[in-house]
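> My structure file entry.pdb, PDB, C-alpha atoms and all ligand atoms, is below:
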```pdb
ATOM      1  CA  MET A   1      72.869 111.408  46.040
ATOM      2  CA  ASN A   2      74.417 108.839  48.330
ATOM      3  CA  GLN A   3      72.413 107.825  51.386
ATOM      4  CA  ILE A   4      73.508 109.331  54.701
ATOM      5  CA  VAL A   5      73.577 107.034  57.729
ATOM      6  CA  ARG A   6      73.598 107.986  61.410
ATOM      7  CA  PHE A   7      75.549 106.132  64.081
ATOM      8  CA  THR A   8      77.231 106.801  67.407
ATOM      9  CA  ILE A   9      80.851 106.426  68.462
ATOM     10  CA  ASP A  10      81.295 106.439  72.253
ATOM     11  CA  GLY A  11      77.886 108.110  72.483
ATOM     12  CA  ILE A  12      78.748 110.890  70.026
ATOM     13  CA  GLU A  13      76.212 111.287  67.217
ATOM     14  CA  CYS A  14      77.896 110.926  63.815
ATOM     15  CA  MET A  15      76.880 110.959  60.161
ATOM     16  CA  ALA A  16      78.529 109.650  57.017
ATOM     17  CA  GLU A  17      77.726 108.374  53.581
ATOM     18  CA  LYS A  18      76.464 104.805  53.624
ATOM     19  CA  ASN A  19      79.205 102.193  53.036
ATOM     20  CA  THR A  20      82.040 104.480  54.131
ATOM     21  CA  TYR A  21      84.607 102.426  56.019
ATOM     22  CA  MET A  22      84.343 103.133  59.723
ATOM     23  CA  ILE A  23      87.859 104.560  60.102
ATOM     24  CA  GLU A  24      87.141 107.141  57.422
ATOM     25  CA  ALA A  25      83.621 107.826  58.713
ATOM     26  CA  ALA A  26      85.026 108.401  62.208
ATOM     27  CA  ARG A  27      87.735 110.676  60.808
ATOM     28  CA  GLU A  28      85.123 112.772  59.002
ATOM     29  CA  ASN A  29      83.427 113.224  62.387
ATOM     30  CA  GLY A  30      86.648 114.219  64.154
ATOM     31  CA  ILE A  31      87.168 110.867  65.905
ATOM     32  CA  TYR A  32      90.448 109.008  65.637
ATOM     33  CA  ILE A  33      90.494 105.230  65.394
ATOM     34  CA  PRO A  34      94.119 104.039  65.405
ATOM     35  CA  THR A  35      95.401 101.955  62.492
ATOM     36  CA  LEU A  36      98.629 100.378  61.346
ATOM     37  CA  CYS A  37      97.904  98.182  58.334
ATOM     38  CA  ASN A  38      95.354 100.585  56.868
ATOM     39  CA  TYR A  39      96.445 103.151  54.281
ATOM     40  CA  PRO A  40      94.310 105.741  52.482
ATOM     41  CA  GLY A  41      93.503 104.812  48.905
ATOM     42  CA  ILE A  42      94.234 101.084  49.104
ATOM     43  CA  LYS A  43      91.856  98.243  49.909
ATOM     44  CA  PRO A  44      91.833  97.460  53.656
ATOM     45  CA  LYS A  45      93.323  94.178  54.762
ATOM     46  CA  GLY A  46      92.373  93.903  58.430
ATOM     47  CA  SER A  47      95.641  92.293  59.461
ATOM     48  CA  CYS A  48      97.006  94.299  62.409
ATOM     49  CA  ARG A  49      93.796  94.491  64.538
ATOM     50  CA  VAL A  50      94.872  97.822  66.062
ATOM     51  CA  CYS A  51      91.635  99.395  64.822
ATOM     52  CA  SER A  52      89.485  96.933  66.800
ATOM     53  CA  VAL A  53      86.238  98.501  68.006
ATOM     54  CA  LYS A  54      83.056  97.096  69.485
ATOM     55  CA  ILE A  55      80.093  97.341  67.143
ATOM     56  CA  ASN A  56      76.717  96.651  68.736
ATOM     57  CA  GLY A  57      78.643  94.770  71.451
ATOM     58  CA  ARG A  58      80.827  92.690  69.135
ATOM     59  CA  MET A  59      84.571  93.221  68.527
ATOM     60  CA  MET A  60      85.344  93.966  64.857
ATOM     61  CA  THR A  61      87.942  95.797  62.770
ATOM     62  CA  ALA A  62      86.957  99.362  61.905
ATOM     63  CA  CYS A  63      89.090  99.453  58.747
ATOM     64  CA  THR A  64      87.128  96.701  57.000
ATOM     65  CA  THR A  65      83.619  97.493  58.298
ATOM     66  CA  PRO A  66      81.379 100.037  56.536
ATOM     67  CA  VAL A  67      79.096 102.160  58.707
ATOM     68  CA  THR A  68      75.364 101.455  58.634
ATOM     69  CA  ASP A  69      72.371 103.242  60.081
ATOM     70  CA  GLY A  70      71.943 102.930  63.840
ATOM     71  CA  MET A  71      75.336 101.365  64.590
ATOM     72  CA  VAL A  72      76.531 101.752  68.165
ATOM     73  CA  ILE A  73      80.333 101.828  68.138
ATOM     74  CA  GLU A  74      82.672 101.746  71.140
ATOM     75  CA  ASN A  75      86.136 103.078  70.318
ATOM     76  CA  HIS A  76      87.690 104.473  73.454
ATOM     77  CA  THR A  77      86.862 102.270  76.463
ATOM     78  CA  PRO A  78      89.171 100.664  79.065
ATOM     79  CA  GLU A  79      88.600  97.249  77.446
ATOM     80  CA  ILE A  80      89.439  98.374  73.905
ATOM     81  CA  ASP A  81      92.360 100.539  75.008
ATOM     82  CA  ALA A  82      93.803  97.527  76.892
ATOM     83  CA  LEU A  83      93.430  95.310  73.822
ATOM     84  CA  ARG A  84      95.152  97.841  71.550
ATOM     85  CA  LYS A  85      97.935  98.324  74.053
ATOM     86  CA  ALA A  86      98.515  94.558  74.197
ATOM     87  CA  ILE A  87      98.618  94.327  70.371
ATOM     88  CA  LEU A  88     101.151  97.159  70.207
ATOM     89  CA  GLU A  89     103.315  95.546  72.892
ATOM     90  CA  LEU A  90     103.280  92.301  70.916
ATOM     91  CA  PHE A  91     104.575  94.113  67.834
ATOM     92  CA  PHE A  92     107.485  95.398  69.864
ATOM     93  CA  VAL A  93     108.497  92.057  71.425
ATOM     94  CA  GLU A  94     107.972  90.064  68.237
ATOM     95  CA  GLY A  95     110.448  92.162  66.199
ATOM     96  CA  ASN A  96     113.594  94.148  66.845
ATOM     97  CA  HIS A  97     112.567  97.794  67.005
ATOM     98  CA  PHE A  98     115.496  99.949  68.078
ATOM     99  CA  CYS A  99     113.650 103.256  68.141
ATOM    100  CA  PRO A 100     116.530 105.506  69.266
ATOM    101  CA  SER A 101     118.670 104.460  66.280
ATOM    102  CA  CYS A 102     115.935 104.074  63.667
ATOM    103  CA  GLU A 103     115.771 106.551  60.795
ATOM    104  CA  LYS A 104     111.970 106.536  61.017
ATOM    105  CA  GLY A 105     111.990 107.693  64.645
ATOM    106  CA  GLY A 106     109.546 110.573  65.064
ATOM    107  CA  ILE A 107     107.638 109.632  61.919
ATOM    108  CA  CYS A 108     107.079 105.932  62.723
ATOM    109  CA  GLU A 109     103.426 105.075  63.326
ATOM    110  CA  LEU A 110     104.196 102.141  65.632
ATOM    111  CA  GLN A 111     106.406 104.333  67.810
ATOM    112  CA  ALA A 112     103.819 107.133  67.758
ATOM    113  CA  LEU A 113     101.069 104.733  68.849
ATOM    114  CA  ALA A 114     103.301 103.439  71.634
ATOM    115  CA  TYR A 115     103.559 107.009  72.907
ATOM    116  CA  ARG A 116      99.826 107.533  72.552
ATOM    117  CA  TYR A 117      99.085 104.349  74.521
ATOM    118  CA  LYS A 118     101.817 105.145  77.062
ATOM    119  CA  ILE A 119     103.795 101.952  76.579
ATOM    120  CA  MET A 120     106.942 101.923  78.692
ATOM    121  CA  VAL A 121     108.160  98.311  78.911
ATOM    122  CA  PRO A 122     106.160  95.550  77.223
ATOM    123  CA  ARG A 123     104.809  92.993  79.687
ATOM    124  CA  TYR A 124     105.711  90.114  77.313
ATOM    125  CA  PRO A 125     109.195  88.610  76.856
ATOM    126  CA  PHE A 126     111.204  89.866  73.872
ATOM    127  CA  ALA A 127     111.666  87.224  71.165
ATOM    128  CA  PHE A 128     114.828  88.818  69.692
ATOM    129  CA  PRO A 129     114.412  87.094  66.313
ATOM    130  CA  GLN A 130     117.331  87.081  63.899
ATOM    131  CA  ARG A 131     116.103  88.277  60.532
ATOM    132  CA  ASP A 132     117.857  89.336  57.356
ATOM    133  CA  VAL A 133     118.497  92.800  56.008
ATOM    134  CA  ASP A 134     118.068  92.929  52.217
ATOM    135  CA  ALA A 135     120.371  95.483  50.577
ATOM    136  CA  THR A 136     120.194  94.136  47.020
ATOM    137  CA  SER A 137     118.267  97.164  45.740
ATOM    138  CA  PRO A 138     120.579 100.115  45.016
ATOM    139  CA  LEU A 139     118.051 102.598  46.403
ATOM    140  CA  LEU A 140     116.251 100.773  49.212
ATOM    141  CA  ILE A 141     117.087  98.710  52.267
ATOM    142  CA  LYS A 142     114.591  96.285  53.744
ATOM    143  CA  ASP A 143     115.154  95.433  57.402
ATOM    144  CA  GLN A 144     112.908  92.480  58.187
ATOM    145  CA  ASN A 145     113.596  92.944  61.900
ATOM    146  CA  ARG A 146     111.372  96.031  61.898
ATOM    147  CA  CYS A 147     108.639  94.734  59.582
ATOM    148  CA  ILE A 148     105.167  94.257  61.080
ATOM    149  CA  LEU A 149     103.833  92.389  58.001
ATOM    150  CA  CYS A 150     101.123  94.959  57.366
ATOM    151  CA  LYS A 151     101.308  94.430  53.576
ATOM    152  CA  ARG A 152     101.034  98.150  52.891
ATOM    153  CA  CYS A 153     104.082  97.951  50.580
ATOM    154  CA  ILE A 154     102.611  94.993  48.691
ATOM    155  CA  ARG A 155      99.288  96.739  48.214
ATOM    156  CA  ALA A 156     100.447 100.288  47.507
ATOM    157  CA  ILE A 157     103.720 100.111  45.588
ATOM    158  CA  THR A 158     103.970  99.313  41.886
ATOM    159  CA  ASP A 159     106.383 100.408  39.201
ATOM    160  CA  GLU A 160     105.406 102.647  36.306
ATOM    161  CA  LYS A 161     104.007  99.619  34.459
ATOM    162  CA  GLY A 162     101.793  98.623  37.397
ATOM    163  CA  ARG A 163     103.932  95.635  38.412
ATOM    164  CA  THR A 164     104.083  94.868  42.154
ATOM    165  CA  ILE A 165     107.563  95.085  43.620
ATOM    166  CA  PHE A 166     106.962  93.554  47.059
ATOM    167  CA  ALA A 167     105.464  90.155  47.930
ATOM    168  CA  TYR A 168     105.247  87.785  50.866
ATOM    169  CA  LYS A 169     107.773  84.965  50.777
ATOM    170  CA  LYS A 170     108.377  81.945  53.029
ATOM    171  CA  ARG A 171     105.641  80.587  55.277
ATOM    172  CA  GLY A 172     104.318  80.484  58.820
ATOM    173  CA  SER A 173     106.472  82.197  61.441
ATOM    174  CA  ARG A 174     109.242  82.678  58.825
ATOM    175  CA  VAL A 175     107.073  84.716  56.474
ATOM    176  CA  GLU A 176     108.741  87.910  55.284
ATOM    177  CA  ILE A 177     108.552  90.644  52.653
ATOM    178  CA  GLY A 178     110.538  89.942  49.522
ATOM    179  CA  ILE A 179     111.628  92.551  46.976
ATOM    180  CA  ASP A 180     111.443  91.422  43.358
ATOM    181  CA  PRO A 181     115.137  90.970  42.453
ATOM    182  CA  LYS A 182     114.826  92.577  39.012
ATOM    183  CA  LEU A 183     112.333  95.343  39.787
ATOM    184  CA  GLY A 184     114.118  96.137  43.062
ATOM    185  CA  LYS A 185     117.254  96.995  41.084
ATOM    186  CA  GLU A 186     115.283  99.208  38.682
ATOM    187  CA  LEU A 187     113.451 101.281  41.323
ATOM    188  CA  THR A 188     113.147 104.989  40.619
ATOM    189  CA  PRO A 189     114.089 107.360  43.468
ATOM    190  CA  GLU A 190     110.401 108.407  43.641
ATOM    191  CA  THR A 191     109.169 104.829  44.071
ATOM    192  CA  ALA A 192     111.844 104.092  46.672
ATOM    193  CA  GLN A 193     110.788 107.175  48.647
ATOM    194  CA  LYS A 194     107.107 106.252  48.313
ATOM    195  CA  ALA A 195     107.865 102.772  49.669
ATOM    196  CA  MET A 196     109.628 104.291  52.681
ATOM    197  CA  ASP A 197     106.715 106.661  53.240
ATOM    198  CA  VAL A 198     104.075 103.923  52.914
ATOM    199  CA  CYS A 199     105.826 101.668  55.442
ATOM    200  CA  PRO A 200     104.447 102.539  58.912
ATOM    201  CA  VAL A 201     107.712 101.532  60.597
ATOM    202  CA  GLY A 202     111.388 101.649  59.597
ATOM    203  CA  ALA A 203     111.437  98.418  57.607
ATOM    204  CA  LEU A 204     111.875 100.120  54.224
ATOM    205  CA  LEU A 205     114.537 102.798  54.141
ATOM    206  CA  VAL A 206     115.890 104.893  51.283
ATOM    207  CA  ARG A 207     119.636 104.348  51.174
ATOM    208  CA  GLU A 208     122.020 107.162  52.143
ATOM    209  CA  LYS A 209     119.172 109.395  53.278
ATOM    210  CA  GLY A 210     118.743 108.784  56.996
ATOM    211  CA  PHE A 211     117.908 111.290  59.717
ATOM    212  CA  ASP A 212     117.214 114.137  57.298
ATOM    213  CA  ILE A 213     114.525 115.703  59.545
ATOM    214  CA  PRO A 214     116.024 117.067  62.784
ATOM    215  CA  ILE A 215     114.691 115.783  66.110
ATOM    216  CA  GLY A 216     111.996 118.187  67.231
ATOM    217  CA  GLU A 217     110.689 118.767  63.712
ATOM    218  CA  ARG A 218     109.564 115.250  62.835
ATOM    219  CA  LYS A 219     105.902 114.455  62.182
ATOM    220  CA  TYR A 220     105.013 113.210  65.656
ATOM    221  CA  ASP A 221     107.424 115.352  67.690
ATOM    222  CA  LYS A 222     104.909 118.132  68.248
ATOM    223  CA  MET A 223     101.524 116.450  67.883
ATOM    224  CA  PRO A 224     100.602 112.893  68.945
ATOM    225  CA  ILE A 225      99.367 110.562  66.235
ATOM    226  CA  GLY A 226      95.633 111.070  65.677
ATOM    227  CA  SER A 227      95.508 114.608  67.009
ATOM    228  CA  ASP A 228      95.180 115.980  63.466
ATOM    229  CA  VAL A 229      91.880 114.063  63.224
ATOM    230  CA  GLU A 230      90.679 115.015  66.688
ATOM    231  CA  LYS A 231      91.234 118.714  66.183
ATOM    232  CA  ILE A 232      88.901 118.855  63.131
ATOM    233  CA  ILE A 233      85.847 118.800  65.430
ATOM    234  CA  SER A 234      85.911 119.278  69.187
ATOM    235  CA  HIS A 235      83.567 116.963  71.125
ATOM    236  CA  THR A 236      84.265 118.436  74.541
TER     237      THR A 236
HETATM  238  S1  LIG B 301     107.998  96.352  54.881
HETATM  239 FE1  LIG B 301     106.828  97.966  55.934
HETATM  240  S2  LIG B 301     105.020  98.302  54.631
HETATM  241 FE2  LIG B 301     105.909  96.313  54.029
HETATM  242  S3  LIG B 301     104.812  94.796  55.283
HETATM  243 FE3  LIG B 301     106.693  95.318  56.411
HETATM  244  S4  LIG B 301     106.045  96.976  57.796
HETATM  245 FE4  LIG B 301     104.439  96.786  56.239
HETATM  246  S1  LIG B 302      94.017  99.004  60.670
HETATM  247 FE1  LIG B 302      92.332  97.668  60.827
HETATM  248  S2  LIG B 302      93.228  95.741  61.131
HETATM  249 FE2  LIG B 302      94.934  97.040  60.793
END
```
I need this file expressed as structure tokens, please.

Amino acid sequence: MNQIVRFTIDGIECMAEKNTYMIEAARENGIYIPTLCNYPGIKPKGSCRVCSVKINGRMMTACTTPVTDGMVIENHTPEIDALRKAILELFFVEGNHFCPSCEKGGICELQALAYRYKIMVPRYPFAFPQRDVDATSPLLIKDQNRCILCKRCIRAITDEKGRTIFAYKKRGSRVEIGIDPKLGKELTPETAQKAMDVCPVGALLVREKGFDIPIGERKYDKMPIGSDVEKIISHT
């Protein structure tokens, strides 16, 4: 039997199997740690930093850190909330996220986190970058203006032969997601839909299928992001 470790998150006593990643361990204990680049079932990458927590007084990413016995974790403090809010604001100013006209509105994790962290107007200047839209795949559109470079598509999406379809291309500030020209044209409808679902924002969109869930019935219309985790166990 796997060893059980005990730790605290914001003073709440928690238990989990040793070596469980902190985000999952917190979830099992009814505590939500926000994420953007993390995705269940694929190896964590630690690139967005939204899951930053303080562990024994030191800032670390919860998605890449396994829990160990006696850990003291701070998740919801004014300092950490301010850091996460700043990271989210930077995502908004660094890209072109037109939420009211985006097909992922209401199911977009970036938008949902902005609501959760009560972001109104980012305090940083908008960069308004000019990035390409790739419509070479018959089933999928990639809008680089909305991409947050989380690599979820690279890590999670393969074709039926296990070949990766997405990859980083270009370098530095020009880095972007490229779709393999051949495999992108051969995408099945299921893989195209999975890519759209895996993407936490509206950067990957199935063609000719926008706005199919009415406003009011979308994933985050009724319940804020994370509330599904928090309702498992009440700590109040
Ligand atoms: S296209 Fe979507 S899933 Fe892929 S890196 Fe950009 S934001 Fe992440
Ligand atoms: S979710 Fe941990 S760094 Fe992105």
> Write out as a PyMOL selection string each polymer residue whose atoms come within 8 Å of Lys85 in chain A, counting only C-alpha atoms; drop sequence neighbours fewer than 2 positions from it.
chain A and resi 81-83+87-89+114+117+119
> Around ligand LIG 302 (chain B), out to 7 Å and counting all atoms listed in the file, which residues are there? I want them as a list in words.
Pro34, Thr35, Leu36, Cys37, Asn38, Lys45, Gly46, Ser47, Cys48, Arg49, Val50, Cys51, Ser52, Thr61, Ala62, Cys63 and Thr64 of chain A
> Show me which residues sit within 12 Å of ligand LIG 301 (chain B) when counting only C-alpha atoms and all ligand atoms, and put them as JSON, numbers by chain.
{"A": [36, 37, 38, 39, 45, 47, 48, 91, 95, 97, 104, 108, 109, 110, 133, 134, 140, 141, 142, 143, 144, 145, 146, 147, 148, 149, 150, 151, 152, 153, 154, 155, 156, 157, 165, 166, 167, 168, 169, 175, 176, 177, 178, 179, 192, 194, 195, 196, 197, 198, 199, 200, 201, 202, 203, 204, 205]}
> What is the distance between CA of Phe211 in chain A and CA of Gly105 in chain A, in Å to one decimal?
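So the two atoms, CA of Phe211 in chain A and CA of Gly105 in chain A, lie 8.5 Å apart.
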> When you draw a straight line from CA of Tyr115 in chain A to CA of Pro224 in chain A, how long is it in Å?
7.7 Å
> May I ask which of the residues A:Ile33, A:Val67, A:Leu139, A:Val229 is the closest one to Thr191 in chain A, counting all atoms listed in the file?
A:Leu139
> What do you get, as a list in words, if you spell out every residue that the PyMOL selection byres (((chain A and resi 221) around 12) and not hetatm) selects here?
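Selected by the PyMOL selection byres (((chain A and resi 221) around 12) and not hetatm) here: Lys104, Gly105, Gly106, Ile107, Cys108, Glu109, Gln111, Ala112, Tyr115, Arg116, Ile213, Pro214, Ile215, Gly216, Glu217, Arg218, Lys219, Tyr220, Lys222, Met223, Pro224, Ile225 and Ser227 of chain A.
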> For this file, the PyMOL selection byres (((chain A and resi 185-188) around 8) and not hetatm) selects which residues, as a PyMOL selection string?
chain A and resi 136-139+159+181-184+189-192
> Taking only C-alpha atoms into account, name the residue in A:Ile12, A:Lys209, A:Pro100, A:Ala127 that is nearest to His76 in chain A.
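Ranking A:Ile12, A:Lys209, A:Pro100, A:Ala127 by distance to His76 in chain A, first place goes to A:Ile12.
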> So which one's closest to Met71 in chain A, A:Leu113, A:Val5, A:Leu90, A:Met59? Using all atoms listed in the file, please.
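Between A:Leu113, A:Val5, A:Leu90, A:Met59, the residue approaching Met71 in chain A most closely is A:Val5.
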> Out of A:Glu103, A:Arg123, A:Ala16, A:Ile55, which residue has the shortest atom-to-atom distance to Glu208 in chain A when counting only C-alpha atoms?
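Of the candidates, the smallest distance to Glu208 in chain A is held by A:Glu103.
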> Measure the distance from CA of Val206 in chain A to CA of Cys102 in chain A in Å and round it to one decimal.
12.4 Å
> Choose the residue, out of A:Ala26, A:Thr65, A:Arg171, A:Ile31, that has the smallest atom-to-atom separation from Lys43 in chain A; count all atoms listed in the file.
A:Thr65
> Step by step, work through what the PyMOL selection byres (((chain A and resi 19) around 8) and not hetatm) selects in the shown file, and finish by giving those residues as number ranges by chain.
A: 17-18, 20-21, 66-68
> Would you mind telling me which residue in A:Ile9, A:Phe128, A:Gln193, A:Glu230 lies nearest to Phe98 in chain A when using only C-alpha atoms?
A:Phe128
